file structure_8.tsv (TSV, C-alpha atoms)
chain	number	residue	atom	x	y	z
A	708	MET	CA	11.77	-1.00	8.26
A	709	SER	CA	12.33	1.22	11.29
A	710	ASP	CA	13.08	-0.21	14.72
A	711	VAL	CA	10.12	-0.22	17.09
A	712	GLN	CA	9.56	-0.96	20.74
A	713	LYS	CA	8.95	-4.59	21.60
A	714	LYS	CA	5.26	-5.30	22.27
A	715	SER	CA	3.54	-7.85	24.49
A	716	SER	CA	0.07	-7.47	22.98
A	717	LEU	CA	-1.55	-6.28	19.76
A	718	ARG	CA	-4.63	-4.30	18.74
A	719	ILE	CA	-5.99	-5.52	15.40
A	720	GLY	CA	-8.83	-4.03	13.37
A	721	ILE	CA	-11.48	-6.10	11.58
A	722	LEU	CA	-12.86	-4.59	8.36
A	723	GLU	CA	-15.07	-7.17	6.67
A	724	GLY	CA	-15.52	-5.36	3.37
A	725	ASP	CA	-18.25	-6.57	1.02
A	726	ASP	CA	-19.97	-9.76	-0.16
A	727	ILE	CA	-17.74	-12.79	0.60
A	728	GLY	CA	-15.74	-10.52	2.89
A	729	HIS	CA	-18.47	-11.14	5.47
A	730	GLU	CA	-17.53	-14.83	5.29
A	731	VAL	CA	-13.76	-15.01	4.77
A	732	VAL	CA	-12.78	-12.27	7.22
A	733	PRO	CA	-14.68	-13.83	10.16
A	734	ALA	CA	-13.10	-17.16	9.18
A	735	SER	CA	-9.65	-15.58	9.31
A	736	VAL	CA	-10.35	-14.01	12.69
A	737	GLU	CA	-11.68	-17.31	14.05
A	738	ILE	CA	-8.51	-19.10	13.00
A	739	ALA	CA	-6.26	-16.30	14.26
A	740	LYS	CA	-8.02	-16.34	17.63
A	741	ALA	CA	-7.47	-20.09	17.94
A	742	ALA	CA	-3.80	-19.66	17.06
A	743	ALA	CA	-3.47	-16.81	19.55
A	744	ALA	CA	-4.99	-18.93	22.31
A	745	ALA	CA	-2.55	-21.74	21.52
A	746	SER	CA	0.50	-19.45	21.43
A	747	GLY	CA	-0.42	-17.18	24.34
A	748	MET	CA	-0.63	-14.08	22.12
A	749	GLN	CA	-2.73	-11.30	23.62
A	750	ILE	CA	-4.87	-9.56	20.99
A	751	GLU	CA	-7.62	-6.97	21.25
A	752	TRP	CA	-9.91	-7.17	18.23
A	753	ILE	CA	-11.73	-4.01	17.09
A	754	ASP	CA	-14.57	-4.05	14.55
A	755	VAL	CA	-14.30	-1.06	12.19
A	756	PRO	CA	-17.06	-0.11	9.68
A	757	ILE	CA	-16.19	0.09	5.99
A	758	GLY	CA	-17.72	-0.65	2.59
A	759	ARG	CA	-21.35	-1.08	1.49
A	760	ARG	CA	-22.60	-2.14	4.91
A	761	ALA	CA	-21.05	1.02	6.38
A	762	LEU	CA	-22.77	3.07	3.66
A	763	ASP	CA	-26.11	1.56	4.65
A	764	THR	CA	-25.58	1.96	8.42
A	765	HIS	CA	-23.35	5.04	8.69
A	766	GLY	CA	-24.07	6.89	5.44
A	767	HIS	CA	-20.55	6.51	4.01
A	768	THR	CA	-18.27	3.69	2.83
A	769	MET	CA	-15.50	5.34	4.88
A	770	PRO	CA	-17.38	6.71	7.92
A	771	ASP	CA	-16.06	9.46	10.15
A	772	GLY	CA	-13.74	7.98	12.73
A	773	THR	CA	-12.68	4.92	10.73
A	774	LEU	CA	-9.26	6.28	9.76
A	775	GLU	CA	-8.70	7.71	13.22
A	776	THR	CA	-9.49	4.35	14.81
A	777	LEU	CA	-7.20	2.47	12.44
A	778	GLY	CA	-4.38	4.89	13.21
A	779	GLN	CA	-4.44	3.76	16.84
A	780	LEU	CA	-4.08	0.07	15.96
A	781	ASP	CA	-1.08	-2.15	15.22
A	782	GLY	CA	-2.63	-3.54	12.06
A	783	PHE	CA	-5.88	-4.53	10.44
A	784	ILE	CA	-7.52	-7.16	8.27
A	785	LEU	CA	-9.33	-5.74	5.24
A	786	GLY	CA	-11.83	-7.89	3.40
A	787	PRO	CA	-12.51	-7.59	-0.35
A	788	ILE	CA	-14.17	-4.36	-1.46
A	789	GLY	CA	-16.84	-4.48	-4.17
A	790	HIS	CA	-16.66	-0.79	-5.05
A	791	ARG	CA	-17.63	-1.35	-8.69
A	792	GLU	CA	-21.16	-2.14	-7.49
A	793	TYR	CA	-21.48	0.87	-5.18
A	794	PRO	CA	-24.19	3.41	-6.03
A	795	LYS	CA	-22.93	6.50	-7.89
A	796	VAL	CA	-23.12	8.88	-4.93
A	797	PRO	CA	-20.37	10.99	-3.31
A	798	GLU	CA	-20.55	8.97	-0.10
A	799	ALA	CA	-19.71	5.70	-1.90
A	800	ILE	CA	-15.94	5.88	-2.39
A	801	ASN	CA	-13.33	3.17	-2.88
A	802	PRO	CA	-11.47	2.85	0.45
A	803	HIS	CA	-8.40	1.05	-0.99
A	804	PRO	CA	-6.23	3.99	-2.11
A	805	ILE	CA	-7.19	6.06	0.92
A	806	LEU	CA	-6.02	3.40	3.36
A	807	ARG	CA	-2.77	2.82	1.47
A	808	LYS	CA	-1.97	6.52	1.23
A	809	ARG	CA	-3.04	7.44	4.77
A	810	PHE	CA	-0.81	4.81	6.38
A	811	ASP	CA	1.96	4.95	3.75
A	812	LEU	CA	1.48	1.28	2.85
A	813	PHE	CA	3.73	1.57	-0.17
A	814	ALA	CA	4.67	-2.10	-0.61
A	815	ASN	CA	2.13	-4.77	-1.57
A	816	VAL	CA	3.69	-8.15	-0.78
A	817	ARG	CA	2.08	-10.98	-2.77
A	818	PRO	CA	3.47	-14.51	-2.41
A	819	THR	CA	2.76	-17.29	-4.90
A	820	ARG	CA	3.20	-20.90	-3.81
A	821	SER	CA	2.15	-24.16	-5.43
A	822	PHE	CA	0.47	-26.89	-3.37
A	823	PRO	CA	0.12	-30.49	-4.60
A	824	GLY	CA	-3.23	-31.71	-5.86
A	825	ILE	CA	-5.03	-28.37	-6.19
A	826	GLY	CA	-4.55	-27.85	-9.93
A	827	CYS	CA	-1.34	-25.83	-10.14
A	828	LEU	CA	0.18	-25.48	-13.59
A	829	HIS	CA	3.68	-26.04	-12.18
A	830	ASP	CA	5.10	-27.70	-9.08
A	831	ASP	CA	7.69	-26.09	-6.80
A	832	ILE	CA	6.62	-22.48	-7.35
A	833	ASP	CA	7.65	-20.32	-4.40
A	834	MET	CA	8.00	-16.63	-5.20
A	835	VAL	CA	7.08	-13.23	-3.80
A	836	ILE	CA	6.10	-10.27	-5.96
A	837	VAL	CA	6.56	-6.91	-4.24
A	838	ARG	CA	4.42	-4.33	-5.98
A	839	GLU	CA	4.69	-0.58	-5.47
A	840	ASN	CA	1.36	0.56	-4.06
A	841	ASN	CA	0.92	4.32	-4.06
A	842	GLU	CA	1.94	5.80	-7.41
A	843	GLY	CA	2.28	4.54	-11.00
A	844	PHE	CA	-0.60	4.60	-13.50
A	845	GLN	CA	-3.48	4.25	-11.02
A	846	PRO	CA	-5.22	7.66	-11.27
A	847	ASP	CA	-6.79	7.44	-7.82
A	848	ARG	CA	-3.42	7.55	-6.05
A	849	ASN	CA	-0.90	9.40	-8.22
A	850	VAL	CA	-1.95	13.00	-7.53
A	851	VAL	CA	-2.79	14.90	-4.33
A	852	MET	CA	-6.03	16.39	-5.65
A	853	GLY	CA	-8.17	15.58	-8.67
A	854	SER	CA	-7.29	12.65	-10.88
A	855	GLY	CA	-4.29	11.45	-12.88
A	856	GLU	CA	-6.62	10.58	-15.75
A	857	PHE	CA	-8.45	13.23	-17.72
A	858	ARG	CA	-10.22	13.86	-21.04
A	859	PRO	CA	-9.32	17.19	-22.67
A	860	THR	CA	-11.61	16.55	-25.67
A	861	HIS	CA	-14.42	14.11	-26.41
A	862	ASP	CA	-12.02	11.96	-28.42
A	863	VAL	CA	-8.88	12.00	-26.25
A	864	THR	CA	-8.12	10.54	-22.81
A	865	ILE	CA	-4.77	11.08	-21.11
A	866	SER	CA	-3.50	8.92	-18.24
A	867	VAL	CA	-0.54	10.17	-16.22
A	868	ARG	CA	1.98	7.75	-14.73
A	869	VAL	CA	3.91	8.91	-11.69
A	870	ILE	CA	7.29	7.41	-10.81
A	871	THR	CA	9.44	8.98	-8.09
A	872	VAL	CA	12.85	8.25	-6.66
A	873	GLU	CA	11.35	8.15	-3.17
A	874	GLY	CA	8.54	5.75	-4.06
A	875	SER	CA	10.82	3.48	-6.07
A	876	SER	CA	13.50	3.45	-3.38
A	877	LYS	CA	11.04	2.61	-0.61
A	878	VAL	CA	9.53	-0.38	-2.39
A	879	ALA	CA	12.98	-1.51	-3.53
A	880	ARG	CA	14.27	-1.51	0.05
A	881	ALA	CA	11.27	-3.54	1.22
A	882	ALA	CA	11.87	-6.03	-1.59
A	883	PHE	CA	15.59	-6.32	-0.85
A	884	GLU	CA	14.82	-7.04	2.80
A	885	ILE	CA	12.40	-9.78	1.80
A	886	ALA	CA	14.90	-11.21	-0.70
A	887	ARG	CA	17.61	-11.24	1.96
A	888	SER	CA	15.31	-13.25	4.25
A	889	ARG	CA	14.63	-15.79	1.47
A	890	ARG	CA	17.04	-17.01	-1.22
A	891	LYS	CA	18.91	-13.73	-1.71
A	892	LYS	CA	17.80	-13.26	-5.29
A	893	LEU	CA	15.86	-10.22	-6.55
A	894	THR	CA	14.44	-9.63	-10.04
A	895	LEU	CA	13.64	-6.10	-11.21
A	896	VAL	CA	10.70	-6.07	-13.64
A	897	HIS	CA	10.26	-2.99	-15.84
A	898	LYS	CA	10.16	-1.76	-19.43
A	899	ASN	CA	12.88	0.87	-19.64
A	900	THR	CA	13.30	0.02	-23.33
A	901	VAL	CA	10.15	2.11	-23.90
A	902	TYR	CA	9.55	4.06	-20.70
A	903	LYS	CA	13.11	5.33	-20.63
A	904	LEU	CA	12.49	8.01	-18.00
A	905	GLY	CA	9.80	6.39	-15.82
A	906	CYS	CA	11.05	2.81	-15.72
A	907	GLY	CA	14.57	4.15	-16.02
A	908	MET	CA	14.13	6.04	-12.75
A	909	PHE	CA	12.64	2.96	-11.10
A	910	VAL	CA	15.56	0.75	-12.16
A	911	ASP	CA	18.19	3.33	-11.21
A	912	SER	CA	16.58	3.74	-7.78
A	913	CYS	CA	16.58	-0.03	-7.25
A	914	TYR	CA	20.29	-0.27	-8.09
A	915	GLU	CA	21.07	2.57	-5.71
A	916	VAL	CA	19.35	0.66	-2.88
A	917	ALA	CA	21.15	-2.51	-3.98
A	918	LYS	CA	24.41	-0.99	-2.71
A	919	ASP	CA	23.14	-1.67	0.82
A	920	PHE	CA	22.47	-5.34	-0.01
A	921	PRO	CA	25.68	-6.72	-1.55
A	922	ASP	CA	24.66	-10.25	-0.54
A	923	VAL	CA	21.53	-10.17	-2.76
A	924	GLU	CA	21.89	-11.17	-6.42
A	925	VAL	CA	20.06	-8.75	-8.74
A	926	ASN	CA	18.84	-9.31	-12.28
A	927	GLU	CA	16.37	-7.61	-14.63
A	928	VAL	CA	13.54	-8.85	-16.84
A	929	ILE	CA	11.44	-6.75	-19.22
A	930	VAL	CA	7.77	-6.96	-18.21
A	931	ASP	CA	6.44	-8.63	-21.38
A	932	THR	CA	9.20	-11.23	-21.19
A	933	MET	CA	8.32	-11.68	-17.54
A	934	ALA	CA	4.71	-12.44	-18.45
A	935	MET	CA	5.95	-15.22	-20.71
A	936	ARG	CA	8.49	-16.58	-18.23
A	937	LEU	CA	5.94	-16.79	-15.44
A	938	VAL	CA	4.14	-19.33	-17.59
A	939	ARG	CA	7.25	-21.17	-18.79
A	940	ASP	CA	9.68	-21.20	-15.84
A	941	PRO	CA	8.22	-19.60	-12.69
A	942	GLN	CA	10.43	-21.80	-10.51
A	943	SER	CA	13.45	-19.75	-11.58
A	944	PHE	CA	12.20	-16.68	-9.67
A	945	ASP	CA	12.26	-15.93	-5.96
A	946	THR	CA	11.61	-12.28	-5.07
A	947	ILE	CA	10.38	-9.82	-7.71
A	948	VAL	CA	9.92	-6.06	-7.41
A	949	THR	CA	8.03	-3.93	-9.90
A	950	THR	CA	5.89	-0.85	-10.37
A	951	ASN	CA	2.21	-0.59	-9.50
A	952	MET	CA	0.39	-1.48	-12.71
A	953	PHE	CA	2.89	-4.11	-13.83
A	954	GLY	CA	2.66	-5.71	-10.39
A	955	ASP	CA	-1.13	-5.64	-10.44
A	956	ILE	CA	-1.17	-7.62	-13.69
A	957	LEU	CA	1.69	-10.03	-12.98
A	958	THR	CA	0.36	-11.06	-9.57
A	959	ASP	CA	-2.96	-12.11	-11.08
A	960	GLU	CA	-1.06	-14.10	-13.70
A	961	ALA	CA	1.00	-15.71	-10.97
A	962	ALA	CA	-2.18	-16.60	-9.06
A	963	GLY	CA	-3.46	-18.36	-12.16
A	964	LEU	CA	-0.47	-20.68	-12.02
A	965	VAL	CA	-1.35	-21.96	-8.54
A	966	GLY	CA	-5.12	-22.33	-8.49
A	967	GLY	CA	-6.56	-18.87	-9.00
A	968	LEU	CA	-7.19	-15.74	-6.96
A	969	GLY	CA	-8.50	-17.80	-4.06
A	970	MET	CA	-4.87	-18.81	-3.55
A	971	ALA	CA	-3.49	-15.24	-3.76
A	972	PRO	CA	-2.84	-13.62	-0.37
A	973	GLY	CA	-1.35	-10.18	0.19
A	974	LEU	CA	0.10	-7.93	2.86
A	975	CYS	CA	0.47	-4.16	2.59
A	976	ILE	CA	3.44	-2.79	4.54
A	977	GLY	CA	5.32	0.48	4.89
A	978	ARG	CA	7.97	2.17	6.98
A	979	GLY	CA	5.66	2.61	9.95
A	980	SER	CA	4.44	0.02	12.42
A	981	ILE	CA	1.01	-0.53	10.83
A	982	ALA	CA	0.40	-3.34	8.32
A	983	MET	CA	-2.76	-4.44	6.49
A	984	ALA	CA	-3.72	-7.99	5.56
A	985	GLN	CA	-5.61	-7.94	2.27
A	986	ALA	CA	-6.35	-10.84	-0.05
A	987	THR	CA	-5.95	-9.90	-3.70
A	988	HIS	CA	-9.27	-11.28	-4.95
A	989	GLY	CA	-12.50	-9.34	-5.39
A	990	SER	CA	-15.70	-9.54	-3.34
A	991	ALA	CA	-17.32	-12.19	-5.62
A	992	PRO	CA	-20.99	-11.23	-5.13
A	993	ASP	CA	-22.06	-14.14	-7.35
A	994	ILE	CA	-21.00	-16.72	-4.74
A	995	ALA	CA	-21.57	-14.74	-1.56
A	996	GLY	CA	-23.66	-16.64	0.97
A	997	LYS	CA	-23.29	-20.00	-0.77
A	998	GLY	CA	-20.60	-21.34	1.58
A	999	ILE	CA	-18.18	-22.19	-1.23
A	1000	ALA	CA	-15.85	-19.17	-1.28
A	1001	ASN	CA	-12.24	-20.23	-0.79
A	1002	PRO	CA	-11.03	-18.60	2.46
A	1003	PHE	CA	-7.35	-19.45	1.92
A	1004	ALA	CA	-6.21	-16.08	0.54
A	1005	MET	CA	-7.72	-14.14	3.43
A	1006	ILE	CA	-6.54	-16.61	6.07
A	1007	GLU	CA	-3.01	-16.68	4.62
A	1008	SER	CA	-2.98	-12.87	4.43
A	1009	THR	CA	-3.87	-12.83	8.13
A	1010	ARG	CA	-1.10	-15.32	8.88
A	1011	MET	CA	1.33	-13.09	7.00
A	1012	LEU	CA	0.18	-10.14	9.12
A	1013	PHE	CA	1.08	-11.91	12.36
A	1014	ASP	CA	4.34	-13.20	10.94
A	1015	TRP	CA	5.24	-9.62	9.98
A	1016	MET	CA	4.15	-8.37	13.42
A	1017	GLY	CA	6.26	-11.03	15.10
A	1018	HIS	CA	9.39	-10.00	13.24
A	1019	HIS	CA	8.71	-6.26	13.26
A	1020	HIS	CA	7.83	-6.03	16.96
A	1021	LYS	CA	9.97	-9.00	18.07
A	1022	ILE	CA	6.97	-10.91	19.46
A	1023	ASP	CA	7.73	-14.62	19.76
A	1024	SER	CA	4.08	-15.54	20.39
A	1025	ALA	CA	3.03	-13.85	17.12
A	1026	LEU	CA	5.66	-15.88	15.28
A	1027	GLU	CA	4.31	-18.99	16.98
A	1028	MET	CA	0.81	-18.00	15.82
A	1029	SER	CA	2.12	-17.88	12.26
A	1030	ARG	CA	3.76	-21.30	12.60
A	1031	ILE	CA	0.60	-22.89	13.98
A	1032	MET	CA	-1.60	-21.32	11.29
A	1033	LYS	CA	0.75	-22.46	8.53
A	1034	ALA	CA	0.68	-26.04	9.78
A	1035	GLY	CA	-3.12	-26.03	9.81
A	1036	ILE	CA	-3.37	-24.48	6.36
A	1037	ASP	CA	-0.92	-26.96	4.84
A	1038	GLN	CA	-2.79	-29.91	6.32
A	1039	ALA	CA	-6.21	-28.73	5.15
A	1040	LEU	CA	-4.92	-28.12	1.61
A	1041	SER	CA	-3.50	-31.64	1.46
A	1042	ASP	CA	-6.97	-33.24	1.73
A	1043	PRO	CA	-9.67	-32.84	-0.97
A	1044	ALA	CA	-12.33	-33.18	1.74
A	1045	THR	CA	-11.10	-29.94	3.35
A	1046	ARG	CA	-10.60	-27.98	0.13
A	1047	THR	CA	-13.20	-25.89	-1.68
A	1048	PRO	CA	-14.27	-26.85	-5.23
A	1049	ASP	CA	-12.20	-24.17	-6.97
A	1050	ILE	CA	-9.01	-25.99	-5.93
A	1051	ARG	CA	-10.17	-29.53	-6.75
A	1052	GLY	CA	-11.81	-30.16	-3.42
A	1053	THR	CA	-15.13	-31.56	-2.31
A	1054	GLY	CA	-15.47	-29.54	0.88
A	1055	THR	CA	-17.43	-26.47	1.83
A	1056	GLN	CA	-15.96	-23.29	3.17
A	1057	ARG	CA	-16.85	-24.43	6.70
A	1058	GLN	CA	-15.17	-27.80	6.19
A	1059	MET	CA	-12.00	-26.04	5.04
A	1060	ILE	CA	-12.04	-23.81	8.13
A	1061	ASP	CA	-12.59	-26.82	10.38
A	1062	GLY	CA	-9.78	-28.68	8.62
A	1063	ILE	CA	-7.40	-25.81	9.28
A	1064	LEU	CA	-8.45	-25.64	12.93
A	1065	LYS	CA	-7.93	-29.39	13.29
A	1066	GLY	CA	-4.49	-29.20	11.72
A	1067	MET	CA	-3.57	-26.31	13.99
A	1068	GLY	CA	-4.63	-28.24	17.06
A	1069	GLU	CA	-2.51	-31.21	16.05
A	1070	ALA	CA	0.48	-28.99	15.30
A	1071	HIS	CA	0.20	-27.32	18.71
A	1072	ALA	CA	-0.18	-30.66	20.49
A	1073	HIS	CA	3.00	-32.01	18.90
A	1074	ALA	CA	5.05	-28.82	19.35

call {"tool": "encode", "arguments": {"input": "structure_8.tsv", "output": "structure tokens"}}
result
Amino acid sequence: MSDVQKKSSLRIGILEGDDIGHEVVPASVEIAKAAAAASGMQIEWIDVPIGRRALDTHGHTMPDGTLETLGQLDGFILGPIGHREYPKVPEAINPHPILRKRFDLFANVRPTRSFPGIGCLHDDIDMVIVRENNEGFQPDRNVVMGSGEFRPTHDVTISVRVITVEGSSKVARAAFEIARSRRKKLTLVHKNTVYKLGCGMFVDSCYEVAKDFPDVEVNEVIVDTMAMRLVRDPQSFDTIVTTNMFGDILTDEAAGLVGGLGMAPGLCIGRGSIAMAQATHGSAPDIAGKGIANPFAMIESTRMLFDWMGHHHKIDSALEMSRIMKAGIDQALSDPATRTPDIRGTGTQRQMIDGILKGMGEAHAHA
């Protein structure tokens, strides 16, 4: 990523999203504020309208001024978006691809980690899947205008996949940088046995970037084999980079190994100085308001945001925020009384939040 001027404070946007987003995003902000107070990090928090509530109050799921406001911030926290339930009107659009394209958030960083006692299928899983974000098969982001999916006759639908050297190289470089900061091992996941040109271009681009990272070991796995190996031997992987659709599928599979989507955080990053915390789960309208939604993925995504900010902007207090938050999260997850039912706990969402806050306080006191 490009060098940026060192900062002493941050401006962070709050976009609650839909359904359980109105619960897990405020929880994440509450915890981040406590960590900021403990570390001395100065943060200005800005509420930004988005989603169904914005449609009801502003007449659009992406109101005028939202993108302009976000462009003036250092980063933002985006809650889950329930766009499948939006009314079929022009003003009800899915904000996801717009945000990723507008701010060139081309890399979706999704860690998978196993915690004891929560129902993981394997112990000692610790991997990061870096998924390309802005091209591939997804029709809402692979063309400038119109759609990459179309139906020329009543009986035929054609979906266009876009792979570019630029897009592949950018996500590869982000993945190599992450691999270098971890165990210096990167796996390229593709299917160039069938998609000889598309996946072939992706793989070739990755190997070209690899020349700048001679200290990182590189290997390849075909995507269907990767799906099997995630189940059989996930501990053998560290950092993985892949294309958009393959990454979308594999990260959900990986989440299933460690307790489900409630344990699946994510961070969208690019070459610029803006990053977006975004848990990978949906808005779960069926459990909204019941106080049982697992806030871990959103809280961990927020922690990742401040860890990234700390490294990117060289802010020691943001790194300290990340350390304090991690200590609180780890402690809360170690106790069934401060875990939600989906991860073999007996606690409510509020009890999990309080458990994290308690663990953070103890970590700060003993620092």

call {"tool": "residues_around", "arguments": {"input": "structure_8.tsv", "residues": "Leu1026 of chain A", "least_positions_apart": "3", "cutoff": "6 Å", "atoms": "all atoms listed in the file", "output": "PyMOL selection string"}}
result
chain A and resi 1014+1017+1023+1029

call {"tool": "residues_around", "arguments": {"input": "structure_8.tsv", "residues": "Phe920 of chain A", "least_positions_apart": "5", "cutoff": "10 Å", "atoms": "only C-alpha atoms", "output": "short mmCIF file (atom, residue, chain, number, x, y, z; two decimals) with C-alpha atoms, in the coordinates of the input"}}
result
data_model
loop_
_atom_site.label_atom_id
_atom_site.label_comp_id
_atom_site.auth_asym_id
_atom_site.auth_seq_id
_atom_site.Cartn_x
_atom_site.Cartn_y
_atom_site.Cartn_z
CA ARG A 880 14.27 -1.51 0.05
CA PHE A 883 15.59 -6.32 -0.85
CA GLU A 884 14.82 -7.04 2.80
CA ALA A 886 14.90 -11.21 -0.70
CA ARG A 887 17.61 -11.24 1.96
CA LYS A 891 18.91 -13.73 -1.71
CA TYR A 914 20.29 -0.27 -8.09
CA GLU A 915 21.07 2.57 -5.71
CA VAL A 925 20.06 -8.75 -8.74
#

call {"tool": "atom_distance", "arguments": {"input": "structure_8.tsv", "atom1": "atom CA of Gly989 of chain A", "atom2": "atom CA of Thr871 of chain A"}}
result
28.7 Å

call {"tool": "residues_near_point", "arguments": {"input": "structure_8.tsv", "point": "(-7.0, -5.6, 0.0)", "cutoff": "12 Å", "atoms": "only C-alpha atoms", "output": "PyMOL selection string"}}
result
chain A and resi 722-725+728+732+783-790+801-807+812+815-817+840+955+971-976+982-990+1004-1005+1008-1009

call {"tool": "atom_distance", "arguments": {"input": "structure_8.tsv", "atom1": "atom CA of Ser735 of chain A", "atom2": "atom CA of Pro823 of chain A"}}
result
22.6 Å

call {"tool": "residues_near_point", "arguments": {"input": "structure_8.tsv", "point": "(11.1, -20.0, -4.7)", "cutoff": "7 Å", "atoms": "only C-alpha atoms", "output": "list in words"}}
result
Ile832, Asp833, Met834, Gln942, Phe944 and Asp945 of chain A

call {"tool": "atom_distance", "arguments": {"input": "structure_8.tsv", "atom1": "atom CA of Thr860 of chain A", "atom2": "atom CA of Pro794 of chain A"}}
result
26.8 Å

call {"tool": "closest_atom_pairs", "arguments": {"input": "structure_8.tsv", "of": "segment 738-821 of chain A", "to": "segment 1046-1060 of chain A", "cutoff": "12 Å", "atoms": "all atoms listed in the file", "output": "Markdown table"}}
result
| residue | atom | partner | partner_atom | distance |
| --- | --- | --- | --- | --- |
| A:Ile738 | CA | A:Ile1060 | CA | 7.6 |
| A:Ala739 | CA | A:Ile1060 | CA | 11.3 |
| A:Ala741 | CA | A:Ile1060 | CA | 11.4 |
| A:Ser821 | CA | A:Ile1050 | CA | 11.3 |

call {"tool": "closest_residue", "arguments": {"input": "structure_8.tsv", "among": "A:Thr900, A:Asn951, A:Ser876, A:Ser1041", "to": "Val837 of chain A", "atoms": "all atoms listed in the file"}}
result
A:Asn951

call {"tool": "closest_residue", "arguments": {"input": "structure_8.tsv", "among": "A:Cys827, A:Met908, A:Ile721, A:Leu893", "to": "Val869 of chain A", "atoms": "all atoms listed in the file"}}
result
A:Met908

call {"tool": "closest_residue", "arguments": {"input": "structure_8.tsv", "among": "A:Ile947, A:Ile981, A:Leu762, A:Val928", "to": "Leu780 of chain A", "atoms": "all atoms listed in the file"}}
result
A:Ile981

call {"tool": "closest_residue", "arguments": {"input": "structure_8.tsv", "among": "A:His1020, A:Val938, A:Met769, A:Glu792", "to": "Gly963 of chain A", "atoms": "only C-alpha atoms"}}
result
A:Val938

call {"tool": "build_atoms", "arguments": {"input": "structure_8.tsv", "residues": "segment 954-965 of chain A", "atoms": "N, CA, C and O atoms", "output": "mmCIF file, in the frame of the given file"}}
result
data_model
loop_
_atom_site.group_PDB
_atom_site.id
_atom_site.type_symbol
_atom_site.label_atom_id
_atom_site.label_comp_id
_atom_site.auth_asym_id
_atom_site.auth_seq_id
_atom_site.Cartn_x
_atom_site.Cartn_y
_atom_site.Cartn_z
ATOM 1 N N GLY A 954 2.843 -4.769 -11.493
ATOM 2 C CA GLY A 954 2.660 -5.710 -10.390
ATOM 3 C C GLY A 954 1.231 -6.190 -10.263
ATOM 4 O O GLY A 954 0.973 -7.360 -9.951
ATOM 5 N N ASP A 955 0.289 -5.288 -10.513
ATOM 6 C CA ASP A 955 -1.130 -5.640 -10.440
ATOM 7 C C ASP A 955 -1.450 -6.747 -11.442
ATOM 8 O O ASP A 955 -2.175 -7.701 -11.136
ATOM 9 N N ILE A 956 -0.904 -6.644 -12.640
ATOM 10 C CA ILE A 956 -1.170 -7.620 -13.690
ATOM 11 C C ILE A 956 -0.413 -8.931 -13.443
ATOM 12 O O ILE A 956 -0.980 -10.031 -13.517
ATOM 13 N N LEU A 957 0.871 -8.825 -13.135
ATOM 14 C CA LEU A 957 1.690 -10.030 -12.980
ATOM 15 C C LEU A 957 1.258 -10.881 -11.790
ATOM 16 O O LEU A 957 1.351 -12.115 -11.849
ATOM 17 N N THR A 958 0.771 -10.259 -10.730
ATOM 18 C CA THR A 958 0.360 -11.060 -9.570
ATOM 19 C C THR A 958 -0.908 -11.858 -9.868
ATOM 20 O O THR A 958 -1.062 -12.980 -9.377
ATOM 21 N N ASP A 959 -1.793 -11.321 -10.679
ATOM 22 C CA ASP A 959 -2.960 -12.110 -11.080
ATOM 23 C C ASP A 959 -2.537 -13.267 -11.980
ATOM 24 O O ASP A 959 -3.076 -14.380 -11.891
ATOM 25 N N GLU A 960 -1.574 -13.021 -12.864
ATOM 26 C CA GLU A 960 -1.060 -14.100 -13.700
ATOM 27 C C GLU A 960 -0.429 -15.184 -12.830
ATOM 28 O O GLU A 960 -0.656 -16.378 -13.040
ATOM 29 N N ALA A 961 0.353 -14.754 -11.862
ATOM 30 C CA ALA A 961 1.000 -15.710 -10.970
ATOM 31 C C ALA A 961 -0.040 -16.528 -10.199
ATOM 32 O O ALA A 961 0.111 -17.741 -10.011
ATOM 33 N N ALA A 962 -1.127 -15.877 -9.766
ATOM 34 C CA ALA A 962 -2.180 -16.600 -9.060
ATOM 35 C C ALA A 962 -2.798 -17.676 -9.949
ATOM 36 O O ALA A 962 -3.147 -18.767 -9.479
ATOM 37 N N GLY A 963 -2.916 -17.378 -11.243
ATOM 38 C CA GLY A 963 -3.460 -18.360 -12.160
ATOM 39 C C GLY A 963 -2.622 -19.610 -12.286
ATOM 40 O O GLY A 963 -3.132 -20.678 -12.655
ATOM 41 N N LEU A 964 -1.348 -19.515 -11.960
ATOM 42 C CA LEU A 964 -0.470 -20.680 -12.020
ATOM 43 C C LEU A 964 -0.707 -21.650 -10.871
ATOM 44 O O LEU A 964 -0.372 -22.825 -10.968
ATOM 45 N N VAL A 965 -1.286 -21.145 -9.760
ATOM 46 C CA VAL A 965 -1.350 -21.960 -8.540
ATOM 47 C C VAL A 965 -2.775 -22.165 -8.029
ATOM 48 O O VAL A 965 -2.980 -22.453 -6.857
#
